[in-house]
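Please read the structure below before turning to the comments.
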Protein chains: 4
Amino acid sequence: MTAKAMSNSQPQRKVGAREKSAETTRDSLLRAAIKVFAKHGFDGGSIDQISKAANSHDRMIYYYFGNKESLFVAALEEIYRRFNVAEAALKLDLAQPKLALEQVVRFVLHYYKKHPEFVTLLNSENLHRGKHIARSNKAQEFSSPAISVVDEVLRRGIAQGSFRATVASRDLYMMIVALGYFYQSNRFTLSAFLGEDLETPAVFEQWETFVIDAVLRTVLTPAAL
Amino acid sequence: MTAKAMSNSQPQRKVGAREKSAETTRDSLLRAAIKVFAKHGFDGGSIDQISKAANSHDRMIYYYFGNKESLFVAALEEIYRRFNVAEAALKLDLAQPKLALEQVVRFVLHYYKKHPEFVTLLNSENLHRGKHIARSNKAQEFSSPAISVVDEVLRRGIAQGSFRATVASRDLYMMIVALGYFYQSNRFTLSAFLGEDLETPAVFEQWETFVIDAVLRTVLTPAAL
Amino acid sequence: MTAKAMSNSQPQRKVGAREKSAETTRDSLLRAAIKVFAKHGFDGGSIDQISKAANSHDRMIYYYFGNKESLFVAALEEIYRRFNVAEAALKLDLAQPKLALEQVVRFVLHYYKKHPEFVTLLNSENLHRGKHIARSNKAQEFSSPAISVVDEVLRRGIAQGSFRATVASRDLYMMIVALGYFYQSNRFTLSAFLGEDLETPAVFEQWETFVIDAVLRTVLTPAAL
Amino acid sequence: MTAKAMSNSQPQRKVGAREKSAETTRDSLLRAAIKVFAKHGFDGGSIDQISKAANSHDRMIYYYFGNKESLFVAALEEIYRRFNVAEAALKLDLAQPKLALEQVVRFVLHYYKKHPEFVTLLNSENLHRGKHIARSNKAQEFSSPAISVVDEVLRRGIAQGSFRATVASRDLYMMIVALGYFYQSNRFTLSAFLGEDLETPAVFEQWETFVIDAVLRTVLTPAAL
DNA sequence: CATGAATGAGCTTTCATTCAT
DNA sequence: CATGAATGAAAGCTCATTCAT
C-alpha cells in the first residue's frame, strides 16, 4: 500500500472511475497530513484536522493508513522521496569538483528554504527519538542518494588533488546539511535572539555565501584555496 | 517572580516554612516542565504529567504560571539562563584566539550533548514559529552573551592577524551553533539514515575534531593555517 | 437535521436499526437537555448531567450538536416548536371574539403552568441577552403563530364592534404573555414575599380570573363591558 | 454583619482608618457581586470575577460573607433595600387615587428599566426555586412596603368610589409588577421574536402608555372610566 | 469504497473553598 | 485585617480509534 504511494508512476491498467477517486482520496489525505504535521508536529496535528483539510473523513485515514503513526511514517517517506527526486534532477559538472560542491550546497540550502515541511517533519520525528523511521526499513535507502552525491564529488576532488584527502564524506555531508537545516529550523528563535529577520533575502544570501566559503575552505587543499 | 528565578543568588533572609515550600513547589514544577517538554514537546507534554512529576497538582501550575504557554515560556527562559550561567563560567585565554575559539566550539558541542532539553525545547518553540519567545521580551538579552563571546574572540584574532577580517561574528556564531545543534537535534534520524549510532563516543569525537577543523579553516588566514 | 426535528411527521420509510438508534440518541439528548437546562439554567446545567440523563455520553453531544451553546439553541427551538404545536391545536370560536380571547388567556396561563421549562429556558436565554436565539434565524418564525392568533381575535372583535379599535395586537399579546409568564417565572420569590404559596390551585384560579377580567376590560369597548 | 450592611446609616463611634478600609472592602465586594451576578447569574458569576472586579481577593469574600450563597443572599437583600429606598421617596398624591396609581405604574416601569440587575438577580433566584431568599427571613419585610403602597392607593380609590371594590390589592400589585418586569426581563427574546427593539425609547413609551391604560381600565369603575 | 454512530480516555482550565500564618 | 499557598472536583471539549452496515 505504502509502496504504491511511494512511486508516482504509471497506472499500467486502465483504472475505473472509482479506483481513480480512491487514489485521489489517499493522495489528498497524504498531502494534507504533510501540511498539518509540518505545521503542528506529530502531537499537535490531529486526525480530524487532516481529514478535513483533505475534504475527507477520519475513517478514511484508518482505511488507507491504519493509524496516526503509520500515516506519519508515510508522510516522512513521501517528503524524503520528494527530496531524492529533486536531488536526482541535479546536473553536476563532476569534472569541476569545486563548482559541483558549491552547487550541492546551494541545492541543499534552497531546498530546505522552499520546503519547510521537510525540516519540521524531521524535527518532529527526532523529538520522538526516531521511532517512526526506525519502523520504516527504508531509512538508509532514503539517505544514501544524498550522501552518494557528496561522496562522489569529494572523491573526484581528491583524485584531482584539489580536495584534502583526510575529509570524510560523512562529515562533509553532515556539515552541509547542518548549516542549511539549522538556519531553516531555528529561524524563528534565531531571528528573535539576533534581532534580525532571517527570512529576508539579503540575510539568506549572506548566509549562503558564508556557507559556501566555509565548506570550500574546509575541503580545499591550501594550494587550491 | 521570574526575576527572582533568573538570579542564582541565595535568599539572604531566613525564609519561613511556607515560603520555602512555595519556592520549592514553583521550582520543582519548573524543573518538571523542562523535563517533560524536553521529552514530549509543547503539545506532547501534558499539564498532568508535569504536575505529577513535580509531586504537585495541576492547579498549582495555574497558580504559579497562569497557563501552559506561560509555563513553557518560563521553561525556555530558564534553560537559556542556565546556558548563560555555564558559558559565563568559561575561562577563555583571549591572548590565544585560535585556542580560545577551539574552546568555544568544544563548550558548545558538549553543552548540547549534556543538555538535550536545550535542543528539544528550542525545536518545539520553532515549531510554533517562536510565538512564545516573542512574548518573553528577554530574547535578545538571552543570546547576547553567547554572541559577545564569539565576537570578542574573533576581534582578538583579527587584531592579532591570525583571523580573516572578512568573517562576520554573526555567521561564525551561527556556524558553531549549527554544527553542534544539528548533531544533537537530528541524531536519531541521522543514525538511522547513516546506519551509524551518533551517540557512541568515538563518533562524537570524530565529529568534534572535524568541526574544530572546519571552524578554524573558515576563520584562519592562509598564513595561520 | 433540525428541520427533521421540527416536523412532527413520521418517518415514511423503514429505518434500519442503526438509524433508529441514532435518532433515539439525538432525541433523548435533546429531551434531557431541556430538562436539565430548565432546572439549572444554561450555566448551571452541565454537559455531563445531560448526557447521563439521556443514558449517553458527553461525546455524543458534541457529535450531534457541536457544543453546549448549539445544544441550548436546539433546546430553545424545540420548546418553541412544542408551544406552537400546542397552540395550533387550539380550536377558537372566532365568531365570539370575547370568548376566544378568554380561551387564549386560559391557554397561555395553563401552558406556562404545565411547562415550566418553557419559562426557565427563556429566562436563561434572556440572562445571556438573547445571544443564542439571535443565532437561530428562526426567531420570528417561532413567535409569529402566537401573535397571529391574538391579532386575528383582536381584528374580529374590532370588526364586530365589541373591541376597542385603538388596542395594538402587539401590546395585547405582550400583556397576556406577561401576566402568565411572570406568575410562573417568579412564583418562588413572590410566594416568599407575599407569604402565600402561588402553586396552590385556589390562588392560581383567582389569578386566572383576575387576568381574564383585566384583559377583557382592557380590550372591550365600554358598551360591551 | 449583614444587618450593618443593610443600613446605610450613621457611624456612632469614630472609625479608625483600618475599619473604614474594611467597610470599603466589604461594600465594594457587595457592589461587585451585584454587578457580576446580574450579568451572569448565580452559577455563571464566579467568586474570582467578583473579587477581581472589587480589586480584592477571593479570600476576602469568605472572610466577609462566608460563602458564595451568602454573598448572593446579601446581594439580593441589598437590591431590595435599594428598591424600597427609592419607592419610599415617591410622593404620591393620595387625594387623587387615579393619578397616584398612574404614578406607581410609571415608577415601577422606570425602576426596572434603570435597574436591570434587580430583574436578573430575581430571575436567578427563581431559577433556584427561591432557596436563597427563603433563608433570608427578611422576605416579607422587603416586599411589604411595595404592596402597602398599592394597597393604600387602592383603598383610597375604592373609598372615593372611583375604583372597583372587587379588585384585590395583591392582584393589582402583581399585575403592575408583571407588566413592568416582563418587559425588562424578556426584552431580548421579545425583540428577536417581535422583530422590534424593545430598548428604543419610542417602543418603551408606547408600552408605558398601554400599561397605564390597562391598569386603570382594570381598576376604575365604569363610571370613572 | 464509504459512512454515520459510538466510545473512553484524555486534554487544559476553572470552580468554590480551606489552610496556616 | 489580610494574604500566599494549596486542594480536589468538575467544567467543556478533543483525542485517536472501532463498530456495524
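Just remember, in the C-alpha cells the first chain shown is A, the second B, etc., residues are 1-based per chain, and ligands are 1-based in the order shown.
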
Query raised in the report: Please, which residues of chain B lie no more than 6 Å from chain A when the count uses only C-alpha atoms, and can they be set out as a PyMOL selection string?
Result: chain B and resi 43-44+126+129-130+139-140+143+178-179+182+186+188-189+192-193+214+217-218

Could you turn the residues from that selection into a file that holds N, CA, C and O atoms, as a PDB file, in the first residue's frame?
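Below you can see part06.pdb, which holds the result:
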ATOM      1  N   ASP B  43       3.249  20.351  22.739  1.00  0.00           N
ATOM      2  CA  ASP B  43       1.950  19.699  22.573  1.00  0.00           C
ATOM      3  C   ASP B  43       1.890  18.336  23.248  1.00  0.00           C
ATOM      4  O   ASP B  43       0.882  17.973  23.831  1.00  0.00           O
ATOM      5  N   GLY B  44       2.992  17.609  23.135  1.00  0.00           N
ATOM      6  CA  GLY B  44       3.012  16.255  23.664  1.00  0.00           C
ATOM      7  C   GLY B  44       3.074  16.210  25.182  1.00  0.00           C
ATOM      8  O   GLY B  44       2.618  15.258  25.811  1.00  0.00           O
ATOM      9  N   ASN B 126      10.386  26.544  17.904  1.00  0.00           N
ATOM     10  CA  ASN B 126      10.435  26.896  16.488  1.00  0.00           C
ATOM     11  C   ASN B 126       9.279  26.283  15.709  1.00  0.00           C
ATOM     12  O   ASN B 126       8.810  26.860  14.730  1.00  0.00           O
ATOM     13  N   ARG B 129       6.728  28.600  15.637  1.00  0.00           N
ATOM     14  CA  ARG B 129       7.142  29.840  14.981  1.00  0.00           C
ATOM     15  C   ARG B 129       7.568  30.928  15.954  1.00  0.00           C
ATOM     16  O   ARG B 129       7.360  32.116  15.718  1.00  0.00           O
ATOM     17  N   GLY B 130       8.146  30.486  17.070  1.00  0.00           N
ATOM     18  CA  GLY B 130       8.722  31.446  18.003  1.00  0.00           C
ATOM     19  C   GLY B 130       7.715  32.325  18.712  1.00  0.00           C
ATOM     20  O   GLY B 130       8.072  33.365  19.252  1.00  0.00           O
ATOM     21  N   ALA B 139      14.365  37.985  24.908  1.00  0.00           N
ATOM     22  CA  ALA B 139      15.022  37.205  23.862  1.00  0.00           C
ATOM     23  C   ALA B 139      16.458  37.662  23.620  1.00  0.00           C
ATOM     24  O   ALA B 139      17.401  36.884  23.814  1.00  0.00           O
ATOM     25  N   GLN B 140      16.624  38.899  23.225  1.00  0.00           N
ATOM     26  CA  GLN B 140      17.963  39.362  22.867  1.00  0.00           C
ATOM     27  C   GLN B 140      18.908  39.285  24.049  1.00  0.00           C
ATOM     28  O   GLN B 140      20.029  38.814  23.953  1.00  0.00           O
ATOM     29  N   SER B 143      20.551  35.848  24.325  1.00  0.00           N
ATOM     30  CA  SER B 143      21.540  35.314  23.392  1.00  0.00           C
ATOM     31  C   SER B 143      22.770  36.205  23.307  1.00  0.00           C
ATOM     32  O   SER B 143      23.831  35.766  22.891  1.00  0.00           O
ATOM     33  N   ALA B 178      25.166  25.818  14.757  1.00  0.00           N
ATOM     34  CA  ALA B 178      24.505  24.897  13.830  1.00  0.00           C
ATOM     35  C   ALA B 178      25.150  23.517  13.866  1.00  0.00           C
ATOM     36  O   ALA B 178      24.464  22.495  13.949  1.00  0.00           O
ATOM     37  N   LEU B 179      26.483  23.493  13.831  1.00  0.00           N
ATOM     38  CA  LEU B 179      27.175  22.206  13.774  1.00  0.00           C
ATOM     39  C   LEU B 179      27.016  21.415  15.071  1.00  0.00           C
ATOM     40  O   LEU B 179      26.992  20.185  15.066  1.00  0.00           O
ATOM     41  N   PHE B 182      22.688  20.699  15.343  1.00  0.00           N
ATOM     42  CA  PHE B 182      22.136  19.737  14.395  1.00  0.00           C
ATOM     43  C   PHE B 182      22.511  18.301  14.750  1.00  0.00           C
ATOM     44  O   PHE B 182      21.687  17.391  14.665  1.00  0.00           O
ATOM     45  N   ASN B 186      19.248  16.136  15.498  1.00  0.00           N
ATOM     46  CA  ASN B 186      18.860  15.156  14.481  1.00  0.00           C
ATOM     47  C   ASN B 186      19.567  13.817  14.613  1.00  0.00           C
ATOM     48  O   ASN B 186      19.611  13.041  13.663  1.00  0.00           O
ATOM     49  N   PHE B 188      18.824  11.088  15.894  1.00  0.00           N
ATOM     50  CA  PHE B 188      18.058   9.846  15.690  1.00  0.00           C
ATOM     51  C   PHE B 188      17.841   9.539  14.222  1.00  0.00           C
ATOM     52  O   PHE B 188      18.127   8.437  13.757  1.00  0.00           O
ATOM     53  N   THR B 189      17.356  10.522  13.493  1.00  0.00           N
ATOM     54  CA  THR B 189      17.163  10.265  12.062  1.00  0.00           C
ATOM     55  C   THR B 189      18.512  10.089  11.366  1.00  0.00           C
ATOM     56  O   THR B 189      18.647   9.245  10.482  1.00  0.00           O
ATOM     57  N   ALA B 192      19.758   6.635  11.879  1.00  0.00           N
ATOM     58  CA  ALA B 192      19.020   5.695  11.035  1.00  0.00           C
ATOM     59  C   ALA B 192      19.466   5.811   9.581  1.00  0.00           C
ATOM     60  O   ALA B 192      19.681   4.803   8.904  1.00  0.00           O
ATOM     61  N   PHE B 193      19.635   7.030   9.127  1.00  0.00           N
ATOM     62  CA  PHE B 193      19.976   7.237   7.725  1.00  0.00           C
ATOM     63  C   PHE B 193      21.408   6.805   7.429  1.00  0.00           C
ATOM     64  O   PHE B 193      21.694   6.236   6.375  1.00  0.00           O
ATOM     65  N   ALA B 214      36.955  22.498  10.738  1.00  0.00           N
ATOM     66  CA  ALA B 214      36.179  23.291   9.776  1.00  0.00           C
ATOM     67  C   ALA B 214      36.088  24.740  10.216  1.00  0.00           C
ATOM     68  O   ALA B 214      36.269  25.663   9.409  1.00  0.00           O
ATOM     69  N   ARG B 217      39.550  26.446   9.844  1.00  0.00           N
ATOM     70  CA  ARG B 217      39.879  26.685   8.438  1.00  0.00           C
ATOM     71  C   ARG B 217      39.040  27.836   7.853  1.00  0.00           C
ATOM     72  O   ARG B 217      39.465  28.539   6.944  1.00  0.00           O
ATOM     73  N   THR B 218      37.836  27.964   8.379  1.00  0.00           N
ATOM     74  CA  THR B 218      36.972  29.045   7.884  1.00  0.00           C
ATOM     75  C   THR B 218      37.468  30.412   8.365  1.00  0.00           C
ATOM     76  O   THR B 218      37.332  31.415   7.673  1.00  0.00           O
TER      77      THR B 218
END

**Report entry** Residues flagged helix (DSSP H, G or I) by DSSP in segment 4-206 of chain A, as a VMD selection string
**Finding:** chain A and resid 4 to 6 17 to 44 47 to 53 58 to 65 68 to 88 97 to 114 116 to 127 131 to 134 139 to 160 169 to 185 187 to 194 201 to 206

Query raised in the report: Quick one: of B:Asp27, B:Asp48, B:Asp151, B:Asp58, who's nearest to chain F, counting only C-alpha atoms (C1' of nucleotides)?
Result: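 Once distances to chain F are computed over only C-alpha atoms (C1' of nucleotides), the minimum belongs to B:Asp58.
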
Report task. Considering only C-alpha atoms (C1' of nucleotides), return as a PyMOL selection string whatever protein or nucleic-acid residues lie within 6 Å of segment 69-80 of chain A, sequence-local ones (same chain, fewer than 3 positions apart) excluded. Result -> chain A and resi 34+65+83+132

Give me a file of those residues, with C-alpha atoms, as a PDB file, in the first residue's frame.
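The file below, result.pdb, is the result:
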ATOM      1  CA  ILE A  34       2.260  16.513   5.407  1.00  0.00           C
ATOM      2  CA  PHE A  65      -3.141   4.102   6.595  1.00  0.00           C
ATOM      3  CA  PHE A  83      13.816  15.312  -1.809  1.00  0.00           C
ATOM      4  CA  HIS A 132       8.733   6.023  13.393  1.00  0.00           C
TER       5      HIS A 132
END

Contacts of chain F with chain B up to 10 Å, shortest pair per row, only C-alpha atoms (C1' of nucleotides), as a tab-separated table:
residue	atom	partner	partner_atom	distance
F:DG4	C1'	B:Glu19	CA	8.4
F:DA5	C1'	B:Ala22	CA	6.8
F:DA6	C1'	B:Met60	CA	7.7
F:DT7	C1'	B:Arg59	CA	8.0
F:DG8	C1'	B:Arg59	CA	9.4

For the residues selected in the previous step, produce a file with N, CA, C and O atoms (P, O5', C5', C4', C3', O3' and C1' of nucleotides) as a PDB file, in the first residue's frame.
ATOM      1  P    DG F   4      -0.400  37.905  48.542  1.00  0.00           P
ATOM      2  O5'  DG F   4       0.545  36.647  48.549  1.00  0.00           O
ATOM      3  C5'  DG F   4       1.606  36.495  49.442  1.00  0.00           C
ATOM      4  C4'  DG F   4       1.764  35.002  49.670  1.00  0.00           C
ATOM      5  C3'  DG F   4       1.813  34.171  48.380  1.00  0.00           C
ATOM      6  O3'  DG F   4       2.818  33.180  48.564  1.00  0.00           O
ATOM      7  C1'  DG F   4       0.070  33.384  49.759  1.00  0.00           C
ATOM      8  P    DA F   5       3.007  32.074  47.474  1.00  0.00           P
ATOM      9  O5'  DA F   5       2.184  30.863  48.093  1.00  0.00           O
ATOM     10  C5'  DA F   5       2.589  30.339  49.351  1.00  0.00           C
ATOM     11  C4'  DA F   5       1.788  29.084  49.655  1.00  0.00           C
ATOM     12  C3'  DA F   5       1.778  28.067  48.512  1.00  0.00           C
ATOM     13  O3'  DA F   5       2.218  26.826  49.028  1.00  0.00           O
ATOM     14  C1'  DA F   5      -0.431  28.505  49.272  1.00  0.00           C
ATOM     15  P    DA F   6       2.387  25.653  48.041  1.00  0.00           P
ATOM     16  O5'  DA F   6       0.981  24.926  48.176  1.00  0.00           O
ATOM     17  C5'  DA F   6       0.557  24.476  49.470  1.00  0.00           C
ATOM     18  C4'  DA F   6      -0.882  24.018  49.380  1.00  0.00           C
ATOM     19  C3'  DA F   6      -1.159  22.989  48.280  1.00  0.00           C
ATOM     20  O3'  DA F   6      -1.349  21.734  48.907  1.00  0.00           O
ATOM     21  C1'  DA F   6      -2.887  24.625  48.483  1.00  0.00           C
ATOM     22  P    DT F   7      -1.401  20.459  48.090  1.00  0.00           P
ATOM     23  O5'  DT F   7      -2.958  20.273  47.906  1.00  0.00           O
ATOM     24  C5'  DT F   7      -3.812  20.459  49.051  1.00  0.00           C
ATOM     25  C4'  DT F   7      -5.266  20.353  48.626  1.00  0.00           C
ATOM     26  C3'  DT F   7      -5.492  19.389  47.449  1.00  0.00           C
ATOM     27  O3'  DT F   7      -6.323  18.342  47.894  1.00  0.00           O
ATOM     28  C1'  DT F   7      -6.713  21.405  47.174  1.00  0.00           C
ATOM     29  P    DG F   8      -6.004  16.889  47.497  1.00  0.00           P
ATOM     30  O5'  DG F   8      -7.434  16.487  46.929  1.00  0.00           O
ATOM     31  C5'  DG F   8      -8.579  16.734  47.726  1.00  0.00           C
ATOM     32  C4'  DG F   8      -9.790  16.961  46.843  1.00  0.00           C
ATOM     33  C3'  DG F   8      -9.929  15.946  45.698  1.00  0.00           C
ATOM     34  O3'  DG F   8     -11.317  15.695  45.579  1.00  0.00           O
ATOM     35  C1'  DG F   8      -9.935  18.093  44.809  1.00  0.00           C
TER      36       DG F   8
END
